[in-house]
>>> print(open('upload.txt').read())   # compact mmCIF, C-alpha atoms and all ligand atoms
# COMPACT_ATOMS: atom_id res chain seq x y z
CA MET A 185 -2.85 -14.27 -13.35
CA PRO A 186 -0.31 -16.00 -11.07
CA THR A 187 -0.18 -15.04 -7.41
CA MET A 188 2.60 -12.54 -6.65
CA LEU A 189 2.04 -12.04 -2.93
CA GLU A 190 0.49 -14.45 -0.46
CA VAL A 191 -0.05 -13.33 3.13
CA SER A 192 -1.28 -16.14 5.41
CA GLY A 193 -2.32 -15.81 9.03
CA LEU A 194 0.05 -12.86 9.43
CA THR A 195 0.42 -11.61 12.98
CA HIS A 196 2.87 -9.09 14.37
CA GLN A 197 3.27 -8.37 18.05
CA TYR A 198 5.55 -5.61 19.28
CA GLY A 199 7.19 -6.23 22.68
CA GLN A 200 6.62 -8.98 25.21
CA GLY A 201 4.65 -9.57 28.42
CA GLU A 202 2.89 -6.53 29.82
CA ARG A 203 4.32 -4.37 27.06
CA ALA A 204 3.10 -6.65 24.29
CA HIS A 205 1.04 -4.97 21.59
CA VAL A 206 -0.52 -6.95 18.75
CA ALA A 207 -0.50 -4.59 15.75
CA VAL A 208 -1.83 -7.01 13.11
CA ARG A 209 -3.61 -10.28 13.70
CA ASP A 210 -4.25 -13.24 11.46
CA LEU A 211 -4.25 -11.31 8.17
CA ALA A 212 -4.73 -13.32 5.00
CA PHE A 213 -4.92 -12.14 1.40
CA THR A 214 -3.26 -12.62 -1.97
CA ILE A 215 -2.28 -10.12 -4.67
CA GLU A 216 -2.17 -11.32 -8.26
CA SER A 217 0.67 -10.43 -10.61
CA GLY A 218 0.09 -7.06 -12.31
CA GLN A 219 -2.59 -5.97 -9.83
CA LEU A 220 -2.74 -2.59 -8.07
CA ALA A 221 -4.27 -3.06 -4.62
CA CYS A 222 -4.86 -0.33 -2.06
CA ILE A 223 -5.08 -0.79 1.69
CA VAL A 224 -7.18 1.62 3.73
CA GLY A 225 -7.79 1.51 7.44
CA PRO A 226 -8.13 3.73 10.49
CA SER A 227 -5.09 5.58 11.79
CA GLY A 228 -2.88 3.34 13.91
CA CYS A 229 -4.58 0.11 12.79
CA GLY A 230 -1.31 -1.48 11.67
CA LYS A 231 -0.96 -0.59 7.96
CA SER A 232 2.74 0.33 8.19
CA THR A 233 3.41 -2.72 10.33
CA LEU A 234 1.84 -4.86 7.62
CA LEU A 235 4.05 -3.28 4.92
CA ARG A 236 7.15 -3.71 7.11
CA CYS A 237 6.37 -7.42 7.52
CA ILE A 238 5.75 -7.87 3.79
CA SER A 239 9.02 -6.11 2.95
CA GLY A 240 10.94 -8.27 5.42
CA LEU A 241 12.06 -5.22 7.44
CA ILE A 242 10.52 -6.80 10.55
CA PRO A 243 9.72 -10.49 11.03
CA ALA A 244 6.15 -11.70 11.40
CA THR A 245 5.55 -13.18 14.83
CA GLY A 246 2.96 -15.52 13.31
CA GLY A 247 1.94 -16.69 9.85
CA SER A 248 3.89 -16.15 6.68
CA VAL A 249 4.52 -13.90 3.67
CA ARG A 250 5.36 -15.40 0.30
CA LEU A 251 6.59 -13.43 -2.70
CA HIS A 252 6.20 -15.39 -5.99
CA GLY A 253 6.10 -18.52 -3.85
CA ASP A 254 9.28 -17.85 -1.83
CA GLU A 255 8.92 -17.29 1.91
CA VAL A 256 10.05 -13.77 2.90
CA SER A 257 12.59 -13.99 5.70
CA GLY A 258 14.62 -10.83 5.03
CA VAL A 259 14.33 -7.94 2.59
CA PRO A 260 13.86 -9.59 -0.84
CA GLY A 261 16.12 -8.27 -3.61
CA ASP A 262 13.20 -7.90 -6.00
CA LEU A 263 10.98 -5.77 -3.79
CA ALA A 264 11.01 -1.98 -3.56
CA VAL A 265 9.35 0.50 -1.21
CA VAL A 266 8.31 4.12 -1.75
CA PHE A 267 7.78 6.05 1.48
CA GLN A 268 5.79 9.21 2.14
CA ASP A 269 8.80 11.30 3.07
CA TYR A 270 10.76 11.71 -0.18
CA SER A 271 12.97 14.40 1.36
CA ARG A 272 14.46 11.86 3.77
CA SER A 273 14.65 8.95 1.37
CA LEU A 274 16.71 10.60 -1.39
CA PHE A 275 20.44 11.27 -0.92
CA PRO A 276 20.96 15.05 -1.21
CA TRP A 277 24.66 14.70 -2.09
CA LEU A 278 23.95 12.52 -5.14
CA THR A 279 22.51 13.74 -8.43
CA VAL A 280 19.06 12.56 -9.47
CA ALA A 281 20.59 10.03 -11.89
CA LYS A 282 22.95 8.67 -9.21
CA ASN A 283 20.06 8.41 -6.74
CA VAL A 284 18.06 6.40 -9.26
CA GLU A 285 21.02 4.15 -10.14
CA PHE A 286 21.78 3.49 -6.49
CA PRO A 287 19.91 0.14 -6.03
CA LEU A 288 21.75 -1.29 -9.06
CA ARG A 289 25.12 -0.97 -7.30
CA TRP A 290 24.38 -4.29 -5.59
CA GLN A 291 23.49 -6.01 -8.82
CA LYS A 292 25.78 -7.26 -11.54
CA VAL A 293 25.02 -4.38 -13.86
CA SER A 294 27.71 -2.48 -15.76
CA LYS A 295 28.15 1.26 -15.26
CA ALA A 296 26.89 1.95 -18.77
CA GLU A 297 23.77 -0.15 -18.26
CA ARG A 298 23.16 1.50 -14.88
CA SER A 299 23.05 4.95 -16.42
CA GLN A 300 20.97 3.76 -19.36
CA ARG A 301 18.39 2.16 -17.08
CA ALA A 302 18.29 5.25 -14.87
CA ALA A 303 17.67 7.45 -17.92
CA GLU A 304 14.90 5.12 -19.16
CA VAL A 305 13.10 4.98 -15.85
CA LEU A 306 13.40 8.75 -15.35
CA GLU A 307 11.78 9.17 -18.74
CA SER A 308 8.96 6.81 -17.77
CA VAL A 309 8.12 9.02 -14.77
CA GLY A 310 8.26 12.19 -16.90
CA LEU A 311 11.65 13.40 -15.69
CA SER A 312 13.95 13.07 -18.67
CA GLY A 313 16.58 15.80 -18.65
CA VAL A 314 16.87 16.29 -14.88
CA GLY A 315 19.42 13.52 -14.18
CA LYS A 316 22.25 15.97 -13.53
CA LYS A 317 20.31 18.05 -11.00
CA TYR A 318 20.29 17.39 -7.25
CA PRO A 319 17.06 16.39 -5.45
CA TRP A 320 16.92 19.67 -3.53
CA GLN A 321 16.75 21.55 -6.83
CA LEU A 322 13.42 19.87 -7.65
CA SER A 323 9.85 20.44 -6.43
CA GLY A 324 8.32 18.02 -3.91
CA GLY A 325 6.28 16.27 -6.60
CA MET A 326 9.37 15.86 -8.79
CA GLN A 327 11.33 14.45 -5.86
CA GLN A 328 8.63 11.86 -5.27
CA ARG A 329 8.81 10.96 -8.98
CA VAL A 330 12.55 10.39 -8.47
CA SER A 331 11.74 8.08 -5.53
CA ILE A 332 9.33 6.14 -7.73
CA ALA A 333 11.94 5.93 -10.49
CA ARG A 334 14.52 4.65 -8.02
CA ALA A 335 12.06 2.01 -6.81
CA LEU A 336 11.35 0.90 -10.37
CA VAL A 337 14.92 0.82 -11.68
CA SER A 338 15.60 -2.64 -10.27
CA ARG A 339 12.38 -3.94 -11.92
CA PRO A 340 10.87 -5.16 -8.65
CA ALA A 341 8.42 -8.05 -8.56
CA LEU A 342 6.42 -6.07 -6.00
CA LEU A 343 6.30 -2.32 -5.35
CA LEU A 344 5.10 -1.29 -1.88
CA MET A 345 3.99 2.32 -1.42
CA ASP A 346 3.32 3.70 2.08
CA GLU A 347 1.20 6.88 1.88
CA PRO A 348 3.32 7.96 -1.11
CA PHE A 349 1.38 11.11 -2.02
CA ALA A 350 0.47 12.41 1.43
CA SER A 351 3.11 15.15 1.41
CA VAL A 352 2.35 16.82 -1.93
CA ASP A 353 -0.28 19.34 -3.01
CA ALA A 354 -3.61 18.22 -4.48
CA GLN A 355 -2.73 18.79 -8.14
CA THR A 356 0.61 17.00 -7.87
CA ARG A 357 -1.14 14.21 -6.03
CA GLY A 358 -3.49 13.68 -8.98
CA GLU A 359 -0.55 13.66 -11.40
CA LEU A 360 1.32 11.09 -9.29
CA GLU A 361 -1.80 8.91 -9.04
CA ASP A 362 -2.08 8.89 -12.83
CA LEU A 363 1.64 8.19 -13.11
CA THR A 364 1.27 5.19 -10.79
CA ARG A 365 -1.53 3.70 -12.87
CA ARG A 366 0.43 4.33 -16.09
CA VAL A 367 3.53 2.65 -14.64
CA GLN A 368 1.44 -0.33 -13.54
CA ARG A 369 0.01 -0.67 -17.05
CA ASP A 370 3.19 0.03 -19.07
CA LEU A 371 5.61 -1.99 -16.92
CA GLY A 372 3.12 -4.61 -15.70
CA SER A 373 4.06 -3.77 -12.10
CA THR A 374 2.39 -5.35 -9.09
CA ILE A 375 1.69 -2.62 -6.55
CA LEU A 376 0.40 -2.61 -2.97
CA LEU A 377 -0.30 0.93 -1.78
CA VAL A 378 -1.37 2.15 1.66
CA THR A 379 -3.43 5.33 1.83
CA HIS A 380 -5.63 7.20 4.30
CA ASP A 381 -7.56 8.71 1.42
CA ILE A 382 -10.74 6.83 0.47
CA ASP A 383 -11.13 8.63 -2.89
CA GLU A 384 -7.52 7.92 -3.77
CA SER A 385 -7.91 4.21 -2.98
CA VAL A 386 -10.95 3.89 -5.26
CA TYR A 387 -9.43 6.00 -8.04
CA LEU A 388 -6.16 4.08 -8.10
CA ALA A 389 -6.98 0.50 -7.34
CA ASP A 390 -8.14 -2.68 -8.98
CA ARG A 391 -8.93 -3.82 -5.45
CA VAL A 392 -9.37 -2.11 -2.08
CA LEU A 393 -8.67 -4.02 1.13
CA VAL A 394 -10.34 -2.38 4.13
CA LEU A 395 -8.71 -3.02 7.49
CA SER A 396 -10.36 -3.03 10.90
CA LYS A 397 -9.09 -0.93 13.75
CA SER A 398 -6.09 -2.26 15.66
CA PRO A 399 -5.13 -5.07 15.65
CA ALA A 400 -5.69 -4.95 11.91
CA SER A 401 -7.65 -7.65 10.17
CA ILE A 402 -9.37 -7.55 6.78
CA VAL A 403 -13.03 -6.59 6.94
CA ALA A 404 -13.63 -6.17 3.21
CA ASP A 405 -11.98 -6.93 -0.10
CA LEU A 406 -13.67 -4.85 -2.78
CA THR A 407 -13.15 -5.24 -6.51
CA ILE A 408 -13.01 -1.81 -8.14
CA ASP A 409 -14.89 -2.39 -11.36
CA LEU A 410 -14.25 1.05 -12.87
CA PRO A 411 -12.92 1.24 -16.46
CA ALA A 412 -9.14 0.75 -16.65
CA GLU A 413 -8.69 4.20 -18.24
CA ARG A 414 -9.28 6.69 -15.44
CA ASN A 415 -9.58 10.44 -15.51
CA GLN A 416 -9.27 12.73 -12.51
CA ILE A 417 -12.47 14.58 -13.37
CA THR A 418 -14.80 12.22 -15.23
CA THR A 419 -13.97 9.07 -13.23
CA ARG A 420 -14.46 10.88 -9.93
CA GLU A 421 -17.81 12.27 -11.18
CA SER A 422 -19.08 8.86 -12.32
CA GLU A 423 -21.95 7.17 -10.52
CA ARG A 424 -19.95 3.99 -9.93
CA PHE A 425 -17.03 5.91 -8.39
CA VAL A 426 -19.35 7.76 -6.01
CA SER A 427 -21.04 4.49 -5.05
CA LEU A 428 -17.74 2.67 -4.40
CA ARG A 429 -16.38 5.61 -2.42
CA GLY A 430 -19.52 5.55 -0.26
CA GLU A 431 -19.14 1.82 0.27
CA VAL A 432 -15.55 2.17 1.53
CA ALA A 433 -16.47 5.16 3.71
CA ARG A 434 -19.37 3.28 5.29
CA LEU A 435 -17.14 0.32 6.01
CA LEU A 436 -14.54 2.51 7.66
CA GLN A 437 -17.02 4.44 9.75
CA SER A 438 -19.19 1.56 10.80
CA PRO A 439 -19.04 0.92 14.55
CA GLN A 440 -20.41 -2.56 13.82
CA VAL A 441 -17.29 -3.56 11.94
CA GLN A 442 -15.61 -5.34 14.81
CA ARG A 443 -13.47 -8.42 15.11
CA PRO A 444 -15.43 -11.59 16.00
CA GLY A 445 -15.58 -12.03 19.75
CA GLU A 446 -14.67 -8.42 20.38
CA PRO A 447 -17.90 -6.46 20.79
CA ASP A 448 -17.97 -2.77 20.04
CA PRO A 449 -17.60 -1.01 23.40
CA ALA A 450 -20.46 1.28 22.45
CA THR A 451 -22.87 -1.64 22.03
CA ALA A 452 -21.31 -4.19 24.35
CA GLU A 453 -24.34 -4.13 26.63
CA SER A 454 -26.73 -4.99 23.84
CA GLY A 455 -25.67 -8.65 23.74
CA PRO A 456 -26.93 -10.79 20.87
CA GLY A 457 -27.46 -8.81 17.71
CA THR A 458 -24.07 -7.09 17.68
CA THR A 459 -22.89 -7.55 14.10
CA THR A 460 -19.49 -9.05 13.47
CA VAL A 461 -17.54 -9.56 10.28
CA GLU A 462 -15.53 -12.67 9.62
CA THR A 463 -11.82 -12.07 9.24
CA GLY A 464 -8.91 -14.04 7.86
CA ASP A 465 -10.64 -15.47 4.83
CA THR A 466 -11.15 -12.46 2.59
CA ALA A 467 -13.50 -14.23 0.17
CA GLY A 468 -17.00 -12.89 0.49
CA THR A 469 -16.25 -10.48 3.30
CA ALA A 470 -17.17 -7.39 1.32
CA ASP A 471 -20.83 -8.27 1.15
CA THR A 472 -20.96 -9.22 4.82
CA ALA A 473 -19.19 -6.07 5.89
CA GLU A 474 -21.32 -3.92 3.67
CA ALA A 475 -24.42 -5.47 5.13
CA ALA A 476 -23.04 -4.69 8.60
CA ALA A 477 -22.31 -1.13 7.54
CA ARG A 478 -25.79 -0.61 6.16
CA SER A 479 -27.67 -2.25 9.04
N1 LIG B 501 8.14 -0.11 16.96
C1 LIG B 501 6.97 -0.20 17.63
N2 LIG B 501 6.92 -0.62 18.91
C2 LIG B 501 5.75 -0.75 19.56
N3 LIG B 501 4.56 -0.46 19.03
C3 LIG B 501 4.53 -0.02 17.75
C4 LIG B 501 5.73 0.14 16.98
N4 LIG B 501 5.39 0.59 15.74
C5 LIG B 501 4.06 0.71 15.76
N5 LIG B 501 3.54 0.35 16.94
C6 LIG B 501 2.12 0.33 17.33
O1 LIG B 501 1.45 -0.60 16.47
C7 LIG B 501 0.16 -0.07 16.07
C8 LIG B 501 0.10 0.00 14.58
O2 LIG B 501 1.04 0.99 14.13
P1 LIG B 501 1.24 1.29 12.58
O3 LIG B 501 2.24 2.39 12.45
O4 LIG B 501 1.52 0.01 11.87
O5 LIG B 501 -0.22 1.79 12.17
P2 LIG B 501 -0.70 2.62 10.88
O6 LIG B 501 -2.05 2.06 10.55
O7 LIG B 501 0.33 2.58 9.82
O8 LIG B 501 -0.80 4.09 11.49
P3 LIG B 501 -1.00 5.49 10.71
O9 LIG B 501 -2.22 5.32 9.85
O10 LIG B 501 -1.25 6.47 11.81
O11 LIG B 501 0.24 5.74 9.92
C9 LIG B 501 0.04 1.30 16.78
O12 LIG B 501 -0.70 1.12 17.95
C10 LIG B 501 1.46 1.69 17.08
O13 LIG B 501 1.53 2.49 18.24
>>> encode(input="upload.txt", output="structure tokens", more="lines below")
Ligand SMILES: Nc1ncnc2c1ncn2[C@@H]1O[C@H](COP(=O)(O)OP(=O)(O)OP(=O)(O)O)[C@@H](O)[C@H]1O
Amino acid sequence: MPTMLEVSGLTHQYGQGERAHVAVRDLAFTIESGQLACIVGPSGCGKSTLLRCISGLIPATGGSVRLHGDEVSGVPGDLAVVFQDYSRSLFPWLTVAKNVEFPLRWQKVSKAERSQRAAEVLESVGLSGVGKKYPWQLSGGMQQRVSIARALVSRPALLLMDEPFASVDAQTRGELEDLTRRVQRDLGSTILLVTHDIDESVYLADRVLVLSKSPASIVADLTIDLPAERNQITTRESERFVSLRGEVARLLQSPQVQRPGEPDPATAESGPGTTTVETGDTAGTADTAEAAARS
């Protein structure tokens, strides 16, 4: 599979001088075309900052982001983002169909094609027949489906999702997870999704990237070798799922998972023997990090 996203040495620092805060440091990873990768990391570690840099909303202060080989220096036309807060991202004065068509207004697409594509994509997220309603007439889960449809209507090369299911109830969350995997499979979408939820990351992903605490760096890059067909009950009960979930949880909780040269404050006095995990080069880090987590 060709590389869709290449992040190299990515650093982002907010502010200058005494107020400077490095949110992400020297991140490097690639996402292949058609892959669904999840990012998990502790609260405040820099996940949203990473997505903002990838989407071109804020510039990297170091390193680079490439989308299908082109350097990202502003918001790329073929990238879409789904945010957690659907109620603030949909326009309440536009119908569902007009919300979904909205991104096509900047493309050379006729009015007839706009409405046809909106209808198709609404059908693909299980919302055919609601195009004439307004967002506020729909449930939260349905509104988030509209947001996903709107993101997909322009057939983006990369779909970024920032905690997309954090504001819906558990059952709707499961339905939206399955929808996301179906969309990835049916449309061949490349998806990078940030979540706080370890189970969700394992259930959804082909790969899970585990970030360190702030400033974020990659401490593990796990391949999720579960069968492609997933089921909310049987997959989550499977031995492999439970094992992978434990692996991610151990990585996240491990006090040993520190950046090189930055000892864990809790063990700083212990000197040699403090375990560190290489960052930057993601290859092979999972085993090292897991070993750190288990030691
Ligand atoms: N605009 C900003 N100016 C200065 N600092 C910021 C800004 N945005 C974020 N930060 C800081 O950068 C760090 C990373 O923030 P970010 O929102 O990227 O983390 P996150 O992992 O997405 O957090 P959460 O999991 O809580 O959503 C935090 O310490 C945050 O306070």
>>> closest_residue(input="upload.txt", among="A:Ser257, A:Gln321, A:Ser232, A:Gln368", to="ligand LIG 501 (chain B)", atoms="all atoms listed in the file")
A:Ser232
>>> residues_near_point(input="upload.txt", point="(13.1, 2.7, -14.8)", cutoff="9 Å", atoms="only C-alpha atoms", output="mmCIF file with C-alpha atoms, in the frame of the given file")
data_model
loop_
_atom_site.group_PDB
_atom_site.id
_atom_site.type_symbol
_atom_site.label_atom_id
_atom_site.label_comp_id
_atom_site.auth_asym_id
_atom_site.auth_seq_id
_atom_site.Cartn_x
_atom_site.Cartn_y
_atom_site.Cartn_z
ATOM 1 C CA VAL A 284 18.060 6.400 -9.260
ATOM 2 C CA ARG A 301 18.390 2.160 -17.080
ATOM 3 C CA ALA A 302 18.290 5.250 -14.870
ATOM 4 C CA ALA A 303 17.670 7.450 -17.920
ATOM 5 C CA GLU A 304 14.900 5.120 -19.160
ATOM 6 C CA VAL A 305 13.100 4.980 -15.850
ATOM 7 C CA LEU A 306 13.400 8.750 -15.350
ATOM 8 C CA GLU A 307 11.780 9.170 -18.740
ATOM 9 C CA SER A 308 8.960 6.810 -17.770
ATOM 10 C CA VAL A 309 8.120 9.020 -14.770
ATOM 11 C CA ILE A 332 9.330 6.140 -7.730
ATOM 12 C CA ALA A 333 11.940 5.930 -10.490
ATOM 13 C CA ARG A 334 14.520 4.650 -8.020
ATOM 14 C CA ALA A 335 12.060 2.010 -6.810
ATOM 15 C CA LEU A 336 11.350 0.900 -10.370
ATOM 16 C CA VAL A 337 14.920 0.820 -11.680
ATOM 17 C CA SER A 338 15.600 -2.640 -10.270
ATOM 18 C CA ARG A 339 12.380 -3.940 -11.920
#
>>> residues_near_ligand(input="upload.txt", ligand="ligand LIG 501 (chain B)", cutoff="12 Å", atoms="only C-alpha atoms and all ligand atoms", output="mmCIF file with C-alpha atoms, in the frame of the given file")
data_model
loop_
_atom_site.group_PDB
_atom_site.id
_atom_site.type_symbol
_atom_site.label_atom_id
_atom_site.label_comp_id
_atom_site.auth_asym_id
_atom_site.auth_seq_id
_atom_site.Cartn_x
_atom_site.Cartn_y
_atom_site.Cartn_z
ATOM 1 C CA THR A 195 0.420 -11.610 12.980
ATOM 2 C CA HIS A 196 2.870 -9.090 14.370
ATOM 3 C CA GLN A 197 3.270 -8.370 18.050
ATOM 4 C CA TYR A 198 5.550 -5.610 19.280
ATOM 5 C CA GLY A 199 7.190 -6.230 22.680
ATOM 6 C CA GLN A 200 6.620 -8.980 25.210
ATOM 7 C CA ARG A 203 4.320 -4.370 27.060
ATOM 8 C CA ALA A 204 3.100 -6.650 24.290
ATOM 9 C CA HIS A 205 1.040 -4.970 21.590
ATOM 10 C CA VAL A 206 -0.520 -6.950 18.750
ATOM 11 C CA ALA A 207 -0.500 -4.590 15.750
ATOM 12 C CA VAL A 208 -1.830 -7.010 13.110
ATOM 13 C CA ARG A 209 -3.610 -10.280 13.700
ATOM 14 C CA ILE A 223 -5.080 -0.790 1.690
ATOM 15 C CA VAL A 224 -7.180 1.620 3.730
ATOM 16 C CA GLY A 225 -7.790 1.510 7.440
ATOM 17 C CA PRO A 226 -8.130 3.730 10.490
ATOM 18 C CA SER A 227 -5.090 5.580 11.790
ATOM 19 C CA GLY A 228 -2.880 3.340 13.910
ATOM 20 C CA CYS A 229 -4.580 0.110 12.790
ATOM 21 C CA GLY A 230 -1.310 -1.480 11.670
ATOM 22 C CA LYS A 231 -0.960 -0.590 7.960
ATOM 23 C CA SER A 232 2.740 0.330 8.190
ATOM 24 C CA THR A 233 3.410 -2.720 10.330
ATOM 25 C CA LEU A 234 1.840 -4.860 7.620
ATOM 26 C CA LEU A 235 4.050 -3.280 4.920
ATOM 27 C CA ARG A 236 7.150 -3.710 7.110
ATOM 28 C CA CYS A 237 6.370 -7.420 7.520
ATOM 29 C CA LEU A 241 12.060 -5.220 7.440
ATOM 30 C CA ILE A 242 10.520 -6.800 10.550
ATOM 31 C CA PHE A 267 7.780 6.050 1.480
ATOM 32 C CA GLN A 268 5.790 9.210 2.140
ATOM 33 C CA MET A 345 3.990 2.320 -1.420
ATOM 34 C CA ASP A 346 3.320 3.700 2.080
ATOM 35 C CA GLU A 347 1.200 6.880 1.880
ATOM 36 C CA PRO A 348 3.320 7.960 -1.110
ATOM 37 C CA ALA A 350 0.470 12.410 1.430
ATOM 38 C CA LEU A 377 -0.300 0.930 -1.780
ATOM 39 C CA VAL A 378 -1.370 2.150 1.660
ATOM 40 C CA THR A 379 -3.430 5.330 1.830
ATOM 41 C CA HIS A 380 -5.630 7.200 4.300
ATOM 42 C CA ASP A 381 -7.560 8.710 1.420
ATOM 43 C CA VAL A 394 -10.340 -2.380 4.130
ATOM 44 C CA LEU A 395 -8.710 -3.020 7.490
ATOM 45 C CA SER A 396 -10.360 -3.030 10.900
ATOM 46 C CA LYS A 397 -9.090 -0.930 13.750
ATOM 47 C CA SER A 398 -6.090 -2.260 15.660
ATOM 48 C CA PRO A 399 -5.130 -5.070 15.650
ATOM 49 C CA ALA A 400 -5.690 -4.950 11.910
ATOM 50 C CA SER A 401 -7.650 -7.650 10.170
#
>>> closest_residue(input="upload.txt", among="A:Glu285, A:Ala264, A:Asp353, A:Gly193", to="Thr245 in chain A", atoms="all atoms listed in the file")
A:Gly193
>>> axis_aligned_box(input="upload.txt", around="range 251-261 of chain A", padding_each_side="3 Å", output="AutoDock Vina command-line options")
--center_x 11.1 --center_y -13.2 --center_z -0.1 --size_x 16.0 --size_y 16.6 --size_z 17.7
>>> residues_around(input="upload.txt", residues="Asp262 in chain A", least_positions_apart="6", cutoff="12 Å", atoms="all atoms listed in the file", output="PyMOL selection string")
chain A and resi 188+239-240+251-252+254+256+287-288+290-291+335-344+373-374
>>> atom_distance(input="upload.txt", atom1="CA of Leu371 in chain A", atom2="CA of Ala389 in chain A")
16.0 Å
>>> atom_distance(input="upload.txt", atom1="CA of Val293 in chain A", atom2="CA of Glu255 in chain A")
26.0 Å
>>> atom_distance(input="upload.txt", atom1="CA of Thr407 in chain A", atom2="CA of Leu360 in chain A")
22.0 Å
>>> decode(input="upload.txt", residues="range 331-344 of chain A", atoms="N, CA and C atoms", output="compact mmCIF listing (two decimals), in the first residue's frame")
# COMPACT_ATOMS: atom_id res chain seq x y z
N SER A 331 -22.18 14.60 10.56
CA SER A 331 -20.81 15.16 10.51
C SER A 331 -19.88 14.24 9.72
N ILE A 332 -20.04 12.94 9.93
CA ILE A 332 -19.18 11.99 9.20
C ILE A 332 -19.52 12.04 7.71
N ALA A 333 -20.82 12.11 7.40
CA ALA A 333 -21.22 12.21 5.99
C ALA A 333 -20.63 13.46 5.35
N ARG A 334 -20.70 14.57 6.07
CA ARG A 334 -20.17 15.83 5.53
C ARG A 334 -18.66 15.73 5.29
N ALA A 335 -17.97 15.02 6.20
CA ALA A 335 -16.52 14.86 6.02
C ALA A 335 -16.22 13.98 4.81
N LEU A 336 -17.10 13.01 4.55
CA LEU A 336 -16.82 12.06 3.46
C LEU A 336 -17.24 12.56 2.09
N VAL A 337 -18.12 13.57 2.05
CA VAL A 337 -18.73 13.94 0.77
C VAL A 337 -17.69 14.43 -0.24
N SER A 338 -16.61 15.03 0.27
CA SER A 338 -15.59 15.53 -0.67
C SER A 338 -14.54 14.47 -0.99
N ARG A 339 -14.83 13.21 -0.59
CA ARG A 339 -13.94 12.07 -0.85
C ARG A 339 -12.51 12.39 -0.44
N PRO A 340 -12.30 12.66 0.86
CA PRO A 340 -10.97 13.08 1.31
C PRO A 340 -9.93 11.97 1.21
N ALA A 341 -8.69 12.37 0.95
CA ALA A 341 -7.60 11.40 0.94
C ALA A 341 -7.35 10.90 2.36
N LEU A 342 -7.57 11.79 3.33
CA LEU A 342 -7.34 11.43 4.74
C LEU A 342 -8.46 12.01 5.59
N LEU A 343 -9.03 11.16 6.44
CA LEU A 343 -10.07 11.60 7.37
C LEU A 343 -9.48 11.59 8.78
N LEU A 344 -9.46 12.76 9.42
CA LEU A 344 -8.98 12.87 10.80
C LEU A 344 -10.20 12.92 11.72
